[in-house]
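This is data.tsv (TSV, C-alpha atoms and all ligand atoms).
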chain	number	residue	atom	x	y	z
U	906	MET	CA	0.14	0.63	-10.25
U	907	THR	CA	0.75	-2.83	-8.78
U	908	ASN	CA	-2.26	-4.36	-7.05
U	909	ILE	CA	-1.22	-7.25	-4.84
U	910	ALA	CA	-3.33	-10.13	-3.55
U	911	ILE	CA	-1.88	-12.00	-0.58
U	912	PHE	CA	-2.82	-15.68	-0.15
U	913	ALA	CA	-2.59	-17.01	3.41
U	914	SER	CA	-3.93	-20.13	5.13
U	915	GLY	CA	-3.22	-19.30	8.74
U	916	SER	CA	-2.23	-16.55	11.15
U	917	GLY	CA	-1.18	-14.01	8.51
U	918	SER	CA	1.60	-12.28	10.45
U	919	ASN	CA	3.58	-11.99	7.21
U	920	ALA	CA	0.51	-10.65	5.41
U	921	GLU	CA	0.11	-7.94	8.05
U	922	ASN	CA	3.80	-7.10	7.96
U	923	ILE	CA	3.66	-6.74	4.17
U	924	ALA	CA	0.52	-4.58	4.32
U	925	ASP	CA	2.19	-2.31	6.89
U	926	TYR	CA	5.30	-2.01	4.72
U	927	PHE	CA	3.31	-0.84	1.66
U	928	SER	CA	0.74	1.24	3.57
U	929	GLU	CA	2.34	4.54	2.47
U	930	ASN	CA	3.34	3.34	-1.01
U	931	SER	CA	1.43	5.09	-3.81
U	932	ASP	CA	2.52	2.64	-6.52
U	933	ILE	CA	2.15	-0.74	-4.80
U	934	ARG	CA	-0.87	-1.63	-2.73
U	935	ILE	CA	-2.39	-4.69	-1.05
U	936	CYS	CA	-5.89	-4.90	-2.54
U	937	LEU	CA	-7.07	-8.31	-1.40
U	938	ILE	CA	-6.31	-11.13	1.01
U	939	VAL	CA	-7.45	-14.62	0.03
U	940	SER	CA	-7.52	-17.72	2.21
U	941	ASN	CA	-8.66	-21.31	1.89
U	942	LYS	CA	-9.76	-21.29	5.56
U	943	ALA	CA	-12.80	-19.28	6.69
U	944	ASP	CA	-11.53	-19.30	10.27
U	945	ALA	CA	-7.94	-18.27	9.48
U	946	PHE	CA	-6.77	-15.46	11.75
U	947	VAL	CA	-5.54	-13.61	8.65
U	948	HIS	CA	-9.17	-12.49	8.14
U	949	GLU	CA	-9.08	-10.71	11.51
U	950	ARG	CA	-5.87	-8.98	10.49
U	951	ALA	CA	-7.41	-7.98	7.13
U	952	LYS	CA	-10.41	-6.46	8.92
U	953	LYS	CA	-8.12	-4.41	11.17
U	954	LEU	CA	-6.09	-3.31	8.13
U	955	GLY	CA	-9.19	-2.42	6.09
U	956	ILE	CA	-8.28	-4.89	3.35
U	957	PRO	CA	-11.02	-7.06	1.78
U	958	SER	CA	-10.54	-10.76	2.50
U	959	LEU	CA	-12.23	-13.74	0.89
U	960	THR	CA	-12.27	-17.48	1.43
U	961	TYR	CA	-12.21	-20.11	-1.27
U	962	PRO	CA	-12.26	-23.83	-0.45
U	963	LYS	CA	-9.56	-26.20	-1.67
U	964	SER	CA	-11.77	-27.38	-4.53
U	965	GLU	CA	-12.09	-23.83	-5.87
U	966	PHE	CA	-8.33	-23.34	-5.78
U	967	GLU	CA	-7.69	-26.65	-7.51
U	968	GLU	CA	-10.08	-25.71	-10.29
U	969	GLY	CA	-8.86	-22.09	-10.35
U	970	THR	CA	-11.51	-20.42	-12.53
U	971	ARG	CA	-13.47	-18.69	-9.78
U	972	VAL	CA	-10.33	-17.50	-8.02
U	973	LEU	CA	-8.99	-16.16	-11.32
U	974	GLU	CA	-12.25	-14.27	-11.92
U	975	ILE	CA	-12.15	-12.59	-8.52
U	976	LEU	CA	-8.49	-11.62	-8.95
U	977	ARG	CA	-9.39	-9.97	-12.23
U	978	GLU	CA	-12.36	-8.19	-10.62
U	979	TYR	CA	-9.96	-6.69	-8.06
U	980	GLY	CA	-7.46	-5.74	-10.78
U	981	ILE	CA	-4.80	-7.96	-9.20
U	982	ASN	CA	-1.54	-8.07	-11.15
U	983	PHE	CA	0.77	-9.64	-8.54
U	984	ILE	CA	0.25	-12.46	-6.04
U	985	VAL	CA	2.15	-13.08	-2.79
U	986	LEU	CA	1.87	-16.42	-1.00
U	987	ALA	CA	2.50	-15.86	2.69
U	988	GLY	CA	1.83	-19.10	4.52
U	989	PHE	CA	-0.45	-20.54	1.88
U	990	LEU	CA	-0.61	-24.32	2.02
U	991	LEU	CA	-2.25	-25.28	-1.26
U	992	LYS	CA	-0.55	-25.86	-4.58
U	993	ILE	CA	-1.26	-23.07	-7.10
U	994	PRO	CA	-3.16	-24.40	-10.13
U	995	GLY	CA	-1.64	-24.15	-13.58
U	996	SER	CA	-4.37	-21.72	-14.67
U	997	LEU	CA	-3.15	-19.16	-12.13
U	998	ILE	CA	0.52	-19.76	-12.96
U	999	GLU	CA	-0.26	-19.14	-16.66
U	1000	ALA	CA	-2.32	-16.03	-15.90
U	1001	TYR	CA	0.44	-14.59	-13.68
U	1002	PRO	CA	3.82	-15.51	-15.24
U	1003	ARG	CA	6.66	-14.47	-12.86
U	1004	LYS	CA	4.02	-12.59	-10.90
U	1005	ILE	CA	3.54	-15.05	-8.05
U	1006	VAL	CA	6.11	-15.27	-5.22
U	1007	ASN	CA	6.25	-17.46	-2.13
U	1008	ILE	CA	8.25	-17.52	1.06
U	1009	HIS	CA	9.48	-20.80	2.46
U	1010	PRO	CA	10.86	-21.01	6.03
U	1011	ALA	CA	14.02	-22.92	5.09
U	1012	LEU	CA	16.99	-22.83	2.71
U	1013	LEU	CA	15.54	-24.53	-0.40
U	1014	PRO	CA	16.05	-26.89	-2.08
U	1015	LYS	CA	16.49	-28.57	1.32
U	1016	TYR	CA	13.44	-29.03	3.54
U	1017	GLY	CA	10.88	-28.17	0.87
U	1018	GLY	CA	8.05	-29.92	-0.92
U	1019	LYS	CA	4.66	-31.27	0.01
U	1020	GLY	CA	4.04	-31.41	3.74
U	1021	MET	CA	7.11	-29.32	4.57
U	1022	TYR	CA	5.55	-26.28	6.22
U	1023	GLY	CA	5.61	-24.53	9.58
U	1024	GLU	CA	6.97	-26.56	12.47
U	1025	HIS	CA	7.48	-29.64	10.27
U	1026	VAL	CA	10.31	-27.74	8.58
U	1027	HIS	CA	11.98	-26.59	11.79
U	1028	LYS	CA	11.68	-30.04	13.40
U	1029	ALA	CA	13.41	-31.58	10.37
U	1030	VAL	CA	16.19	-28.96	10.45
U	1031	VAL	CA	16.85	-29.57	14.17
U	1032	ALA	CA	16.62	-33.37	13.79
U	1033	ALA	CA	19.20	-33.23	11.00
U	1034	GLY	CA	21.59	-31.28	13.21
U	1035	GLU	CA	21.83	-28.42	10.71
U	1036	LYS	CA	24.11	-25.56	11.69
U	1037	GLU	CA	21.97	-22.98	9.88
U	1038	SER	CA	18.49	-22.39	8.54
U	1039	GLY	CA	16.74	-19.40	7.01
U	1040	ILE	CA	14.22	-18.26	4.40
U	1041	THR	CA	13.81	-18.66	0.67
U	1042	ILE	CA	11.72	-16.30	-1.43
U	1043	HIS	CA	11.03	-17.72	-4.88
U	1044	TYR	CA	8.82	-17.51	-7.95
U	1045	VAL	CA	5.99	-20.01	-7.87
U	1046	ASN	CA	5.65	-22.71	-10.49
U	1047	GLU	CA	3.42	-25.79	-10.68
U	1048	HIS	CA	5.57	-27.72	-8.17
U	1049	TYR	CA	5.76	-27.04	-4.42
U	1050	ASP	CA	8.76	-24.87	-3.53
U	1051	GLU	CA	10.63	-25.40	-6.82
U	1052	GLY	CA	10.43	-22.05	-8.57
U	1053	GLN	CA	13.46	-19.85	-9.31
U	1054	VAL	CA	14.97	-18.46	-6.11
U	1055	ILE	CA	14.74	-14.68	-5.69
U	1056	PHE	CA	16.32	-14.24	-2.27
U	1057	GLN	CA	17.68	-16.23	0.68
U	1058	ALA	CA	18.75	-15.18	4.18
U	1059	LYS	CA	20.35	-17.39	6.84
U	1060	CYS	CA	20.31	-17.73	10.63
U	1061	ASP	CA	22.52	-19.88	12.86
U	1062	VAL	CA	21.11	-23.01	14.46
U	1063	SER	CA	22.88	-24.02	17.68
U	1064	PRO	CA	22.89	-27.59	19.06
U	1065	THR	CA	20.65	-26.41	21.90
U	1066	ASP	CA	18.07	-24.73	19.65
U	1067	THR	CA	14.57	-26.21	19.71
U	1068	PRO	CA	12.29	-26.11	16.63
U	1069	GLU	CA	10.50	-23.21	18.35
U	1070	ASN	CA	13.78	-21.30	18.69
U	1071	VAL	CA	14.47	-21.85	14.99
U	1072	ALA	CA	10.93	-20.78	14.07
U	1073	GLN	CA	11.42	-17.52	15.96
U	1074	LYS	CA	14.72	-16.78	14.20
U	1075	VAL	CA	13.18	-17.61	10.82
U	1076	HIS	CA	10.12	-15.44	11.43
U	1077	GLU	CA	12.42	-12.54	12.23
U	1078	LEU	CA	14.14	-13.00	8.87
U	1079	GLU	CA	10.76	-13.16	7.13
U	1080	TYR	CA	9.56	-9.91	8.64
U	1081	ARG	CA	12.82	-8.18	7.86
U	1082	HIS	CA	13.26	-9.29	4.25
U	1083	PHE	CA	9.99	-10.40	2.60
U	1084	PRO	CA	8.38	-6.97	1.99
U	1085	GLU	CA	11.58	-5.54	0.52
U	1086	ALA	CA	12.12	-8.61	-1.68
U	1087	ILE	CA	8.57	-8.22	-3.00
U	1088	GLU	CA	9.16	-4.54	-3.77
U	1089	LYS	CA	12.46	-5.23	-5.54
U	1090	THR	CA	10.90	-8.04	-7.59
U	1091	ILE	CA	8.05	-5.78	-8.72
U	1092	LEU	CA	10.35	-2.84	-9.53
U	1093	SER	CA	12.89	-4.98	-11.41
U	1094	ALA	CA	10.07	-6.41	-13.58
U	1095	GLN	CA	9.10	-2.83	-14.54
U	1096	LYS	CA	12.58	-1.98	-15.89
U	1101	LIG	C1	5.74	-18.53	7.56
U	1101	LIG	O1	6.69	-19.21	8.36
U	1101	LIG	C2	6.10	-18.69	6.11
U	1101	LIG	O2	7.49	-18.84	5.88
U	1101	LIG	C3	5.42	-19.99	5.74
U	1101	LIG	O3	4.22	-20.00	6.46
U	1101	LIG	C4	4.38	-19.20	7.64
U	1101	LIG	C5	3.27	-18.19	7.64
U	1101	LIG	O4	3.18	-17.58	8.88
U	1101	LIG	N1	5.21	-20.08	4.30
U	1101	LIG	P1	2.10	-16.37	9.02
U	1101	LIG	O5	0.74	-16.96	8.67
U	1101	LIG	O6	2.51	-15.30	8.03
U	1101	LIG	O7	2.21	-15.94	10.45
Here is the file; what I need is its structure written in the form of structure tokens.
Ligand code: GRF
Amino acid sequence: MTNIAIFASGSGSNAENIADYFSENSDIRICLIVSNKADAFVHERAKKLGIPSLTYPKSEFEEGTRVLEILREYGINFIVLAGFLLKIPGSLIEAYPRKIVNIHPALLPKYGGKGMYGEHVHKAVVAAGEKESGITIHYVNEHYDEGQVIFQAKCDVSPTDTPENVAQKVHELEYRHFPEAIEKTILSAQK
């Protein structure tokens, strides 16, 4: 049995999409949603989905011990970052080797790193006149957006596209590919 915790800092549309994808799966389940923001809309989504959700402040994440304890209490053995804006502490990386994945709304290694999230990414892509963008799903290590790439998908960026247009195209790729990439990563680790 794989018990997933999803970490999210904001709206949680990816978290909900992932929970829906696994809702009928008897081997992989979403057991917990964790945020660093008490007012994040992801808590509302968790309530609707019947998934427990907890909030830990930045300081708790940076230290890591309390978060690690709660993950163990919930029997978590896989972590998905879906719009989580804090760096994962080394203690969590060590406790979950190749068991933490993240999705980044661009084609890493470009447009990644500290401060590159949400609309900041899409604005930079448009400003650079890129002809394409997309998503990168990767293992998480102690550096922002630098872990081994698991999966990438691309979308075209036209000269008339606004950052909002790009965000919409990227979100569509996220919803289409993230759950399946998570499932394949979990299943391939079991072989
Ligand atoms: C997504 O664009 C994801 O790629 C990035 O943060 C955003 C989260 O959106 N890491 P949501 O909270 O899942 O709606």
> Of the candidates U:Pro962, U:Met906, U:Tyr1049, U:Arg1081, which shows the shortest atom-to-atom distance to Ile933 (chain U), using only C-alpha atoms?
Replying inline: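 Ranked by minimum distance to Ile933 (chain U), first place goes to U:Met906.
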> Out of U:Gly995, U:Gly1034, U:Pro1010, U:Pro1068, which residue has the shortest atom-to-atom distance to ligand LIG 1101 (chain U) when counting all atoms listed in the file?
Replying inline: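 The closest residue to ligand LIG 1101 (chain U) is U:Pro1010.
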What are the closest atom pairs, with distances in Å to one decimal, for all residues of chain U lying within 8 Å of ligand LIG 1101 (chain U)? Consider only C-alpha atoms and all ligand atoms, order rows by chain and residue number, and present the result as a Markdown table.
| residue | atom | partner | partner_atom | distance |
| --- | --- | --- | --- | --- |
| U:Ala913 | CA | U:LIG1101 | O5 | 6.2 |
| U:Ser914 | CA | U:LIG1101 | O5 | 6.7 |
| U:Gly915 | CA | U:LIG1101 | O5 | 4.6 |
| U:Ser916 | CA | U:LIG1101 | O5 | 3.9 |
| U:Gly917 | CA | U:LIG1101 | O5 | 3.5 |
| U:Ser918 | CA | U:LIG1101 | O7 | 3.7 |
| U:Asn919 | CA | U:LIG1101 | O6 | 3.6 |
| U:Ala920 | CA | U:LIG1101 | O6 | 5.7 |
| U:Glu921 | CA | U:LIG1101 | O6 | 7.7 |
| U:Val947 | CA | U:LIG1101 | O5 | 7.1 |
| U:Leu986 | CA | U:LIG1101 | N1 | 7.3 |
| U:Ala987 | CA | U:LIG1101 | N1 | 5.3 |
| U:Gly988 | CA | U:LIG1101 | O3 | 3.2 |
| U:Phe989 | CA | U:LIG1101 | N1 | 6.2 |
| U:Leu990 | CA | U:LIG1101 | N1 | 7.6 |
| U:Asn1007 | CA | U:LIG1101 | N1 | 7.0 |
| U:Ile1008 | CA | U:LIG1101 | O2 | 5.1 |
| U:His1009 | CA | U:LIG1101 | O2 | 4.4 |
| U:Pro1010 | CA | U:LIG1101 | O2 | 4.0 |
| U:Ala1011 | CA | U:LIG1101 | O2 | 7.7 |
| U:Tyr1022 | CA | U:LIG1101 | C3 | 6.3 |
| U:Gly1023 | CA | U:LIG1101 | O1 | 5.6 |
| U:Ile1040 | CA | U:LIG1101 | O2 | 6.9 |
| U:Ala1072 | CA | U:LIG1101 | O1 | 7.3 |
| U:Val1075 | CA | U:LIG1101 | O1 | 7.1 |
| U:His1076 | CA | U:LIG1101 | O1 | 6.0 |
| U:Glu1079 | CA | U:LIG1101 | O2 | 6.7 |
> Can you tell me, as a list in words, what residues are no more than 12 Å from Asp932 (chain U) when counting only C-alpha atoms, ignoring any on the same chain fewer than 3 positions away?
Replying inline: Met906, Thr907, Asn908, Ile909, Phe927, Ser928, Glu929, Ile935, Cys936, Glu1088, Ile1091, Leu1092 and Gln1095 of chain U
Export C-alpha atoms of the chosen residues as a tab-separated table (two decimals), in the frame of the given file?
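As written to disk, again03.tsv reads:
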chain	number	residue	atom	x	y	z
U	906	MET	CA	0.14	0.63	-10.25
U	907	THR	CA	0.75	-2.83	-8.78
U	908	ASN	CA	-2.26	-4.36	-7.05
U	909	ILE	CA	-1.22	-7.25	-4.84
U	927	PHE	CA	3.31	-0.84	1.66
U	928	SER	CA	0.74	1.24	3.57
U	929	GLU	CA	2.34	4.54	2.47
U	935	ILE	CA	-2.39	-4.69	-1.05
U	936	CYS	CA	-5.89	-4.90	-2.54
U	1088	GLU	CA	9.16	-4.54	-3.77
U	1091	ILE	CA	8.05	-5.78	-8.72
U	1092	LEU	CA	10.35	-2.84	-9.53
U	1095	GLN	CA	9.10	-2.83	-14.54
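Minimum atom-to-atom distances from U:Ser964, U:Asn930, U:Thr1041, U:Thr970 to Phe1056 (chain U) were compared using only C-alpha atoms, and the lowest value belongs to U:Thr1041.
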>> Taking all atoms listed in the file into account, name the residue in U:Val1026, U:Met1021, U:Leu991, U:Leu1013 that is nearest to Lys1059 (chain U).
In response: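 Smallest distance to Lys1059 (chain U) is found for U:Leu1013.
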Take every atom of region 954-963 of chain U listed in the file, pad by 6 Å on each side, and give me the axis-aligned box centre and edge lengths in Å, one decimal, as AutoDock Vina command-line options.
--center_x -9.2 --center_y -14.3 --center_z 3.2 --size_x 18.2 --size_y 35.8 --size_z 21.8
>> Taking only C-alpha atoms into account, name the residue in U:Asp1061, U:Glu968, U:Glu999, U:Asp1066 that is nearest to Ala1032 (chain U).
In response: U:Asp1066
>> One decimal, in Å: what's the spacing between CA of Ala951 (chain U) and CA of Ile938 (chain U)?
In response: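 Those two atoms sit 7.0 Å apart.
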Non-local contacts of Glu1035 (chain U) (10 Å; all atoms listed in the file; under 3 positions in same chain excluded) as a PDB file with C-alpha atoms, in the frame of the given file:
ATOM      1  CA  ALA U1029      13.410 -31.580  10.370  1.00  0.00           C
ATOM      2  CA  VAL U1030      16.190 -28.960  10.450  1.00  0.00           C
ATOM      3  CA  VAL U1031      16.850 -29.570  14.170  1.00  0.00           C
ATOM      4  CA  ALA U1032      16.620 -33.370  13.790  1.00  0.00           C
ATOM      5  CA  SER U1038      18.490 -22.390   8.540  1.00  0.00           C
ATOM      6  CA  ASP U1061      22.520 -19.880  12.860  1.00  0.00           C
ATOM      7  CA  VAL U1062      21.110 -23.010  14.460  1.00  0.00           C
ATOM      8  CA  SER U1063      22.880 -24.020  17.680  1.00  0.00           C
ATOM      9  CA  PRO U1064      22.890 -27.590  19.060  1.00  0.00           C
TER      10      PRO U1064
END
> For the atom pair CA of Phe983 (chain U) and CA of Lys1004 (chain U), what is the interatomic distance in Å to one decimal place?
Replying inline: 5.0 Å
> Between CA of Ser958 (chain U) and CA of Asn982 (chain U), what is the distance, to one decimal in Å?
Replying inline: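 CA of Ser958 (chain U) sits 16.6 Å away from CA of Asn982 (chain U).
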> Which residue gives the smallest distance to Gly1018 (chain U) among U:Glu1047, U:Glu974, U:Glu1085, U:Asp944, with all atoms listed in the file counted?
Replying inline: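 Result for the nearest residue to Gly1018 (chain U): U:Glu1047.
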>> Show me, as a list in words, the residues that have an atom within 8 Å of Ile1055 (chain U) when counting only C-alpha atoms, minus same-chain residues fewer than 6 positions from it.
In response: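 Within the cut-off, the hits are Thr1041, Ile1042, His1043, Tyr1044, Ala1086 and Thr1090 of chain U.
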